[in-house]
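Chemist: Just data_2.tsv, nothing more (TSV, C-alpha atoms):
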```
chain	number	residue	atom	x	y	z
A	5	MET	CA	22.96	17.06	-5.52
A	6	PRO	CA	19.22	17.74	-5.53
A	7	ILE	CA	18.17	21.35	-5.99
A	8	PHE	CA	15.73	22.47	-3.29
A	9	SER	CA	13.62	25.58	-3.08
A	10	LEU	CA	13.50	27.60	0.15
A	11	SER	CA	10.55	25.45	1.28
A	12	GLY	CA	12.68	22.32	0.97
A	13	ARG	CA	10.66	21.03	-1.95
A	14	LEU	CA	12.33	19.72	-5.09
A	15	ASP	CA	11.84	21.75	-8.25
A	16	ARG	CA	9.45	19.93	-10.59
A	17	SER	CA	12.13	19.41	-13.26
A	18	THR	CA	14.41	17.79	-10.69
A	19	ALA	CA	11.60	15.72	-9.17
A	20	ALA	CA	10.63	14.14	-12.52
A	21	PRO	CA	13.29	11.36	-12.52
A	22	LEU	CA	12.29	10.25	-9.03
A	23	ARG	CA	8.62	10.27	-9.91
A	24	ARG	CA	9.34	8.29	-13.07
A	25	GLN	CA	11.27	5.70	-11.04
A	26	LEU	CA	8.47	5.39	-8.48
A	27	LEU	CA	5.91	4.84	-11.23
A	28	SER	CA	8.12	2.27	-12.96
A	29	ASP	CA	8.64	0.25	-9.77
A	30	ALA	CA	5.13	0.64	-8.35
A	31	HIS	CA	3.32	-2.14	-6.52
A	32	PHE	CA	-0.12	-2.96	-7.96
A	33	GLU	CA	-2.59	-4.03	-5.29
A	34	VAL	CA	-5.17	-6.62	-6.37
A	35	ILE	CA	-8.10	-8.34	-4.65
A	36	PRO	CA	-8.66	-12.12	-4.83
A	37	LEU	CA	-11.91	-11.95	-6.80
A	38	LYS	CA	-13.10	-13.76	-9.94
A	39	ASN	CA	-12.90	-10.61	-12.08
A	40	LEU	CA	-9.12	-10.43	-11.66
A	41	THR	CA	-8.04	-13.22	-14.02
A	42	GLU	CA	-9.03	-11.49	-17.26
A	43	GLN	CA	-7.27	-8.32	-16.13
A	44	LEU	CA	-3.89	-9.94	-15.42
A	45	GLN	CA	-2.92	-9.79	-19.11
A	46	HIS	CA	-2.52	-6.03	-18.72
A	47	LEU	CA	0.15	-6.22	-16.01
A	48	PRO	CA	3.76	-5.86	-17.15
A	49	LEU	CA	5.69	-9.11	-16.78
A	50	GLY	CA	7.64	-9.18	-13.53
A	51	ALA	CA	5.49	-6.52	-11.86
A	52	SER	CA	5.25	-6.43	-8.07
A	53	VAL	CA	1.69	-7.39	-7.15
A	54	SER	CA	0.37	-6.82	-3.66
A	55	VAL	CA	-2.36	-9.38	-2.86
A	56	THR	CA	-4.96	-8.25	-0.32
A	57	ALA	CA	-6.35	-10.30	2.54
A	58	SER	CA	-10.04	-9.68	1.98
A	59	PRO	CA	-12.34	-10.02	5.01
A	60	ASN	CA	-14.78	-11.86	2.71
A	61	LYS	CA	-12.12	-14.39	1.76
A	62	SER	CA	-9.56	-16.50	3.65
A	63	LEU	CA	-5.82	-16.15	4.01
A	64	ASP	CA	-5.52	-19.32	1.93
A	65	ASP	CA	-7.28	-17.44	-0.90
A	66	THR	CA	-4.59	-14.77	-0.65
A	67	TRP	CA	-1.80	-17.36	-0.67
A	68	ASN	CA	-3.36	-19.28	-3.58
A	69	LEU	CA	-3.55	-16.12	-5.66
A	70	ALA	CA	0.07	-15.37	-4.79
A	71	LYS	CA	1.04	-18.83	-6.08
A	72	ASP	CA	-0.88	-18.25	-9.32
A	73	LEU	CA	0.73	-14.86	-9.86
A	74	LEU	CA	4.17	-16.36	-9.31
A	75	VAL	CA	3.54	-18.99	-11.98
A	76	ARG	CA	2.39	-16.23	-14.36
A	77	GLY	CA	5.72	-14.42	-14.00
A	78	PHE	CA	4.82	-11.73	-11.48
A	79	ARG	CA	6.33	-10.92	-8.09
A	80	PRO	CA	3.54	-11.44	-5.56
A	81	ILE	CA	3.56	-9.85	-2.10
A	82	PRO	CA	0.78	-11.45	-0.03
A	83	HIS	CA	-0.99	-9.52	2.73
A	84	LEU	CA	-1.09	-11.22	6.10
A	85	ALA	CA	-4.06	-9.93	8.11
A	86	SER	CA	-3.36	-10.47	11.79
A	87	ARG	CA	-6.96	-10.71	12.94
A	88	MET	CA	-7.75	-13.30	10.27
A	89	LEU	CA	-5.19	-15.75	11.63
A	90	GLU	CA	-6.88	-18.67	13.36
A	91	SER	CA	-3.86	-20.13	15.17
A	92	ARG	CA	-0.10	-20.07	15.56
A	93	GLN	CA	-0.04	-23.31	13.57
A	94	GLN	CA	-1.70	-21.56	10.63
A	95	LEU	CA	0.83	-18.74	10.82
A	96	ASP	CA	3.69	-21.26	10.86
A	97	ARG	CA	2.26	-23.04	7.82
A	98	LEU	CA	1.77	-19.84	5.81
A	99	ILE	CA	5.30	-18.63	6.52
A	100	LYS	CA	6.72	-22.03	5.52
A	101	GLU	CA	4.74	-21.95	2.28
A	102	LEU	CA	6.26	-18.57	1.42
A	103	ALA	CA	9.75	-20.03	1.87
A	104	GLU	CA	8.87	-23.06	-0.27
A	105	LEU	CA	7.68	-20.72	-3.03
A	106	GLY	CA	10.90	-18.71	-2.85
A	107	LEU	CA	9.03	-15.59	-1.69
A	108	ASN	CA	10.82	-13.43	0.87
A	109	GLU	CA	8.47	-10.47	1.32
A	110	LEU	CA	5.03	-9.99	2.82
A	111	PHE	CA	2.80	-7.10	3.81
A	112	LEU	CA	1.52	-7.20	7.37
A	113	VAL	CA	-1.84	-5.61	8.24
A	114	GLY	CA	-4.03	-5.71	11.30
A	115	GLY	CA	-7.20	-6.48	9.39
A	116	ASP	CA	-10.64	-4.95	9.73
A	117	ALA	CA	-12.36	-7.86	11.46
A	118	PRO	CA	-14.16	-6.47	14.57
A	119	LEU	CA	-12.97	-9.48	16.58
A	120	PRO	CA	-9.85	-11.60	15.98
A	121	HIS	CA	-10.40	-15.07	14.52
A	122	GLY	CA	-7.63	-16.47	16.70
A	123	PRO	CA	-4.95	-15.50	19.22
A	124	TYR	CA	-3.66	-12.31	17.57
A	125	GLU	CA	-5.13	-8.90	18.37
A	126	ASP	CA	-2.81	-6.82	16.20
A	127	SER	CA	0.07	-6.85	13.75
A	128	ILE	CA	2.73	-6.25	16.41
A	129	GLN	CA	1.88	-9.58	18.01
A	130	VAL	CA	2.05	-11.32	14.63
A	131	LEU	CA	5.32	-9.62	13.73
A	132	GLN	CA	6.90	-10.82	16.97
A	133	ALA	CA	5.52	-14.32	16.35
A	134	ILE	CA	6.96	-14.41	12.82
A	135	LEU	CA	10.40	-13.46	14.09
A	136	GLY	CA	10.24	-16.43	16.46
A	137	LEU	CA	9.67	-18.82	13.54
A	138	GLU	CA	12.08	-20.19	10.97
A	139	HIS	CA	11.55	-17.92	7.99
A	140	LYS	CA	13.25	-16.66	4.85
A	141	LEU	CA	11.77	-13.18	4.92
A	142	VAL	CA	14.02	-10.24	4.13
A	143	HIS	CA	11.38	-7.50	3.80
A	144	ILE	CA	8.13	-6.82	5.66
A	145	GLY	CA	5.80	-3.96	4.77
A	146	VAL	CA	3.41	-2.45	7.30
A	147	THR	CA	0.49	-0.03	7.18
A	148	ALA	CA	0.30	3.71	7.86
A	149	TYR	CA	-2.79	5.91	8.22
A	150	PRO	CA	-2.44	9.60	7.30
A	151	ASP	CA	-6.23	9.91	7.27
A	152	GLY	CA	-6.83	8.01	10.51
A	153	HIS	CA	-8.56	4.69	11.13
A	154	SER	CA	-12.21	3.87	11.67
A	155	PHE	CA	-11.75	2.39	15.15
A	156	ILE	CA	-8.13	3.02	16.24
A	157	GLU	CA	-7.05	6.29	17.87
A	158	THR	CA	-4.47	8.41	16.03
A	159	ALA	CA	-1.99	8.29	18.92
A	160	ALA	CA	-2.21	4.49	18.98
A	161	LEU	CA	-1.59	4.33	15.23
A	162	SER	CA	1.54	6.44	15.55
A	163	SER	CA	2.82	4.46	18.53
A	164	SER	CA	2.20	1.16	16.76
A	165	LEU	CA	4.03	2.29	13.62
A	166	ARG	CA	7.08	3.30	15.64
A	167	ALA	CA	7.02	0.02	17.56
A	168	LYS	CA	7.02	-1.96	14.30
A	169	GLN	CA	9.81	0.24	12.96
A	170	GLU	CA	12.00	-0.61	15.96
A	171	ILE	CA	11.17	-4.34	15.92
A	172	LEU	CA	12.03	-4.61	12.22
A	173	LYS	CA	15.19	-2.58	12.66
A	174	GLU	CA	16.39	-4.76	15.53
A	175	ALA	CA	15.62	-7.87	13.49
A	176	GLY	CA	17.73	-6.57	10.60
A	177	LEU	CA	14.87	-6.77	8.11
A	178	ALA	CA	14.22	-4.28	5.34
A	179	SER	CA	10.84	-2.60	5.62
A	180	HIS	CA	8.50	0.11	4.47
A	181	ALA	CA	5.16	1.58	5.50
A	182	ALA	CA	2.48	1.90	2.81
A	183	THR	CA	-0.09	4.61	3.42
A	184	GLN	CA	-3.81	4.00	3.29
A	185	MET	CA	-5.72	5.41	0.34
A	186	CYS	CA	-6.12	9.14	0.98
A	187	PHE	CA	-7.42	11.76	-1.45
A	188	ASP	CA	-6.09	14.91	0.20
A	189	PRO	CA	-2.42	15.69	-0.62
A	190	ASN	CA	-2.27	18.26	2.20
A	191	THR	CA	-3.32	15.62	4.72
A	192	ILE	CA	-0.64	13.23	3.46
A	193	ARG	CA	2.05	15.91	3.45
A	194	GLY	CA	1.16	17.22	6.90
A	195	TRP	CA	0.99	13.75	8.44
A	196	LEU	CA	4.35	12.71	7.03
A	197	GLU	CA	6.07	15.97	7.97
A	198	SER	CA	4.82	15.54	11.53
A	199	GLU	CA	5.84	11.89	11.71
A	200	ARG	CA	9.30	12.55	10.28
A	201	ALA	CA	9.84	15.39	12.75
A	202	SER	CA	8.86	13.01	15.56
A	203	GLY	CA	11.38	10.36	14.60
A	204	LEU	CA	9.71	8.14	12.00
A	205	GLU	CA	12.50	6.82	9.78
A	206	ILE	CA	10.90	3.92	7.92
A	207	PRO	CA	10.66	4.40	4.12
A	208	ILE	CA	7.20	5.30	2.88
A	209	HIS	CA	5.30	3.82	-0.04
A	210	LEU	CA	2.61	6.31	-1.00
A	211	GLY	CA	-0.78	4.65	-1.41
A	212	ILE	CA	-2.73	6.06	-4.35
A	213	PRO	CA	-5.89	4.87	-6.13
A	214	GLY	CA	-5.42	3.70	-9.68
A	215	ALA	CA	-7.46	4.87	-12.66
A	216	VAL	CA	-10.65	3.50	-11.14
A	217	GLU	CA	-14.26	4.09	-12.12
A	218	ARG	CA	-16.09	6.41	-9.75
A	219	LYS	CA	-18.72	3.84	-8.78
A	220	LYS	CA	-16.08	1.21	-8.02
A	221	LEU	CA	-13.97	3.68	-6.08
A	222	LEU	CA	-16.81	4.72	-3.81
A	223	SER	CA	-18.45	1.33	-3.32
A	224	VAL	CA	-15.41	-0.90	-2.87
A	225	GLY	CA	-13.37	1.77	-1.11
A	226	ALA	CA	-15.94	1.99	1.66
A	227	ARG	CA	-15.39	-1.72	2.34
A	228	LEU	CA	-11.60	-1.38	2.49
A	229	GLY	CA	-11.30	0.93	5.48
A	230	VAL	CA	-11.02	4.25	3.67
A	231	GLY	CA	-14.31	5.74	4.79
A	232	ALA	CA	-12.72	8.92	6.11
A	233	SER	CA	-11.16	9.68	2.74
A	234	LEU	CA	-14.43	9.03	0.96
A	235	ARG	CA	-16.25	11.34	3.37
A	236	TYR	CA	-13.65	14.01	2.54
A	237	LEU	CA	-14.58	13.69	-1.13
A	238	GLN	CA	-18.30	13.71	-0.46
A	239	LYS	CA	-18.09	16.85	1.70
A	240	ASN	CA	-15.85	18.64	-0.79
A	241	THR	CA	-17.90	18.29	-3.93
A	242	GLY	CA	-15.57	20.53	-5.90
A	243	THR	CA	-12.69	18.19	-5.13
A	244	LEU	CA	-14.82	15.22	-6.09
A	245	ALA	CA	-15.72	16.81	-9.41
A	246	ARG	CA	-12.07	17.60	-10.19
A	247	MET	CA	-10.68	14.24	-9.09
A	248	VAL	CA	-13.36	11.75	-10.11
A	249	MET	CA	-14.29	12.51	-13.67
A	250	PRO	CA	-16.78	10.46	-15.76
A	251	GLY	CA	-13.90	8.44	-17.24
A	252	GLY	CA	-12.59	7.50	-13.80
A	253	TYR	CA	-10.33	8.79	-11.09
A	254	ASN	CA	-7.11	10.45	-12.31
A	255	PRO	CA	-4.24	9.57	-9.92
A	256	ASN	CA	-2.25	12.57	-11.13
A	257	LYS	CA	-4.59	14.81	-9.12
A	258	LEU	CA	-3.06	13.35	-5.98
A	259	LEU	CA	0.46	12.53	-7.12
A	260	SER	CA	1.30	15.82	-8.88
A	261	PRO	CA	0.83	18.11	-5.83
A	262	LEU	CA	3.17	15.86	-3.82
A	263	ALA	CA	5.86	15.53	-6.50
A	264	GLY	CA	8.15	18.13	-4.98
A	265	ASP	CA	7.96	16.54	-1.51
A	266	LEU	CA	8.69	12.91	-2.34
A	267	GLN	CA	12.45	12.92	-1.81
A	268	ARG	CA	12.66	15.03	1.34
A	269	LEU	CA	9.96	12.92	3.00
A	270	ASP	CA	11.68	9.68	1.91
A	271	VAL	CA	8.87	8.32	-0.23
A	272	GLN	CA	10.56	5.33	-1.84
A	273	GLY	CA	7.65	3.60	-3.53
A	274	LEU	CA	4.09	3.75	-4.82
A	275	HIS	CA	1.36	1.35	-3.71
A	276	ILE	CA	-1.41	1.57	-6.30
A	277	PHE	CA	-4.90	0.42	-5.27
A	278	THR	CA	-6.24	-0.98	-8.54
A	279	PHE	CA	-9.57	-2.49	-7.38
A	280	ASN	CA	-8.69	-5.07	-10.08
A	281	GLN	CA	-9.12	-2.44	-12.83
A	282	LEU	CA	-5.67	-3.20	-14.19
A	283	GLU	CA	-6.15	-2.23	-17.83
A	284	ALA	CA	-7.01	1.39	-17.07
A	285	THR	CA	-4.52	1.69	-14.21
A	286	VAL	CA	-1.56	0.28	-16.12
A	287	ALA	CA	-2.43	2.46	-19.13
A	288	TRP	CA	-2.45	5.54	-16.89
A	289	ARG	CA	0.86	4.47	-15.31
A	290	ASN	CA	2.50	3.99	-18.71
A	291	ASP	CA	1.23	7.35	-19.98
A	292	ALA	CA	2.47	9.08	-16.82
A	293	ILE	CA	5.94	7.58	-17.26
A	294	SER	CA	6.03	8.65	-20.90
A	295	SER	CA	5.03	12.20	-20.02
A	296	LEU	CA	7.97	12.46	-17.59
A	297	LYS	CA	10.64	11.36	-20.08
A	298	THR	CA	13.08	14.04	-21.15
```
Translate the structure described by the file into structure tokens.

Modeler:
Amino acid sequence: MPIFSLSGRLDRSTAAPLRRQLLSDAHFEVIPLKNLTEQLQHLPLGASVSVTASPNKSLDDTWNLAKDLLVRGFRPIPHLASRMLESRQQLDRLIKELAELGLNELFLVGGDAPLPHGPYEDSIQVLQAILGLEHKLVHIGVTAYPDGHSFIETAALSSSLRAKQEILKEAGLASHAATQMCFDPNTIRGWLESERASGLEIPIHLGIPGAVERKKLLSVGARLGVGASLRYLQKNTGTLARMVMPGGYNPNKLLSPLAGDLQRLDVQGLHIFTFNQLEATVAWRNDAISSLKT
């Protein structure tokens, strides 16, 4: 049985095996850009690779990259951005293509487009539409926002997450919620404690930045809907100096303070935002695993 302190947190020595497992099984998020190809050699064979739906690309770009990753021996998990869908026919085609590829998992996001490209306003509508199609999906991931969203109210975010939890549960599908990139461990902890106390049961995959260069983190991050987190860093210059060193961001600065809380808050995975900087991120991940071995 796990050994808890009076606060309910796992002792660090007891938390190490869980943290090592989470690092070993982490999902690496990549962006369908030209600079990705040369970086793929650094991914461990068979790794789970989460493929973003970039607002500057199409959903077909996401699906094409997923196909390429599958051929290369990885386990791709494409993102389906609801507001980027142009029609129900396109949704039907994309879901059929997943089945033809033998892929049974996707990650469902709303998307940051100010206006929908087609009939779907949000991911709940798309989730319900998918369940009305013939599909081979067994697992659907959804988004969670400890640090809020740029144009969606906090109460609406919480309500939407619970609605998706119930829809997926009733459909008998496995699921998880991956958190947005957030740089404040206290914000993540407080949000998840509050959500768990209010009935959120879905497993959580903690979203953390990889070992990313400071310039890339700030410039690309601003385009990926994490402006609130970046403003937190900019306002707290001491935090920025500690977390974003000249050699790049060190993910341990976020992961270590949360290590003792991972089990009690049912964090079952890590979702690593790599910004396509796979060499540095995988090297950090491997070093972190090695440091946790007994």

Chemist: Between A:Ala148, A:Ala215, A:Gln267, A:His209, which has the minimum distance to Asp291 (chain A) (counting only C-alpha atoms)?

Modeler: A:Ala215

Chemist: Using all atoms listed in the file, determine which residues lie at most 12 Å from Trp195 (chain A), disregarding the query and same-chain residues fewer than 5 positions distant; provide the list as a PDB file with C-alpha atoms, keeping the file's coordinate frame.

Modeler:
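Contents of out_1.pdb, as written:
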```
ATOM      1  CA  ALA A 148       0.300   3.710   7.860  1.00  0.00           C
ATOM      2  CA  TYR A 149      -2.790   5.910   8.220  1.00  0.00           C
ATOM      3  CA  PRO A 150      -2.440   9.600   7.300  1.00  0.00           C
ATOM      4  CA  ASP A 151      -6.230   9.910   7.270  1.00  0.00           C
ATOM      5  CA  GLY A 152      -6.830   8.010  10.510  1.00  0.00           C
ATOM      6  CA  THR A 158      -4.470   8.410  16.030  1.00  0.00           C
ATOM      7  CA  LEU A 161      -1.590   4.330  15.230  1.00  0.00           C
ATOM      8  CA  SER A 162       1.540   6.440  15.550  1.00  0.00           C
ATOM      9  CA  THR A 183      -0.090   4.610   3.420  1.00  0.00           C
ATOM     10  CA  CYS A 186      -6.120   9.140   0.980  1.00  0.00           C
ATOM     11  CA  ASP A 188      -6.090  14.910   0.200  1.00  0.00           C
ATOM     12  CA  PRO A 189      -2.420  15.690  -0.620  1.00  0.00           C
ATOM     13  CA  ASN A 190      -2.270  18.260   2.200  1.00  0.00           C
ATOM     14  CA  ARG A 200       9.300  12.550  10.280  1.00  0.00           C
ATOM     15  CA  ALA A 201       9.840  15.390  12.750  1.00  0.00           C
ATOM     16  CA  SER A 202       8.860  13.010  15.560  1.00  0.00           C
ATOM     17  CA  LEU A 204       9.710   8.140  12.000  1.00  0.00           C
ATOM     18  CA  ILE A 208       7.200   5.300   2.880  1.00  0.00           C
ATOM     19  CA  LEU A 269       9.960  12.920   3.000  1.00  0.00           C
TER      20      LEU A 269
END
```

Chemist: With a distance cut-off of 8 Å and only C-alpha atoms, select the neighbouring residues of Glu125 (chain A), excluding the residue or stretch itself and same-chain residues fewer than 2 positions from it, and output the selection as a tab-separated table (two decimals) with C-alpha atoms, in the frame of the given file.

Modeler:
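Just written: around-v6.tsv:
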```tsv
chain	number	residue	atom	x	y	z
A	86	SER	CA	-3.36	-10.47	11.79
A	87	ARG	CA	-6.96	-10.71	12.94
A	114	GLY	CA	-4.03	-5.71	11.30
A	120	PRO	CA	-9.85	-11.60	15.98
A	123	PRO	CA	-4.95	-15.50	19.22
A	127	SER	CA	0.07	-6.85	13.75
A	129	GLN	CA	1.88	-9.58	18.01
```

Chemist: Taking all atoms listed in the file into account, which of A:Leu26, A:Ile134, A:Leu89, A:Leu74 comes nearest Gly273 (chain A)?

Modeler: A:Leu26

Chemist: Would you mind telling me which residue in A:Ser260, A:Asp116, A:Ile206, A:Ile144 lies nearest to Leu177 (chain A) when using only C-alpha atoms?

Modeler: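 Counting only C-alpha atoms, the residue closest to Leu177 (chain A) is A:Ile144.
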
Chemist: Which one of A:Val34, A:Ser179, A:Thr285, A:Ser52 sits closest to Gly77 (chain A) if you count all atoms listed in the file?

Modeler: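 With all atoms listed in the file as the atom set, the closest residue is A:Ser52.
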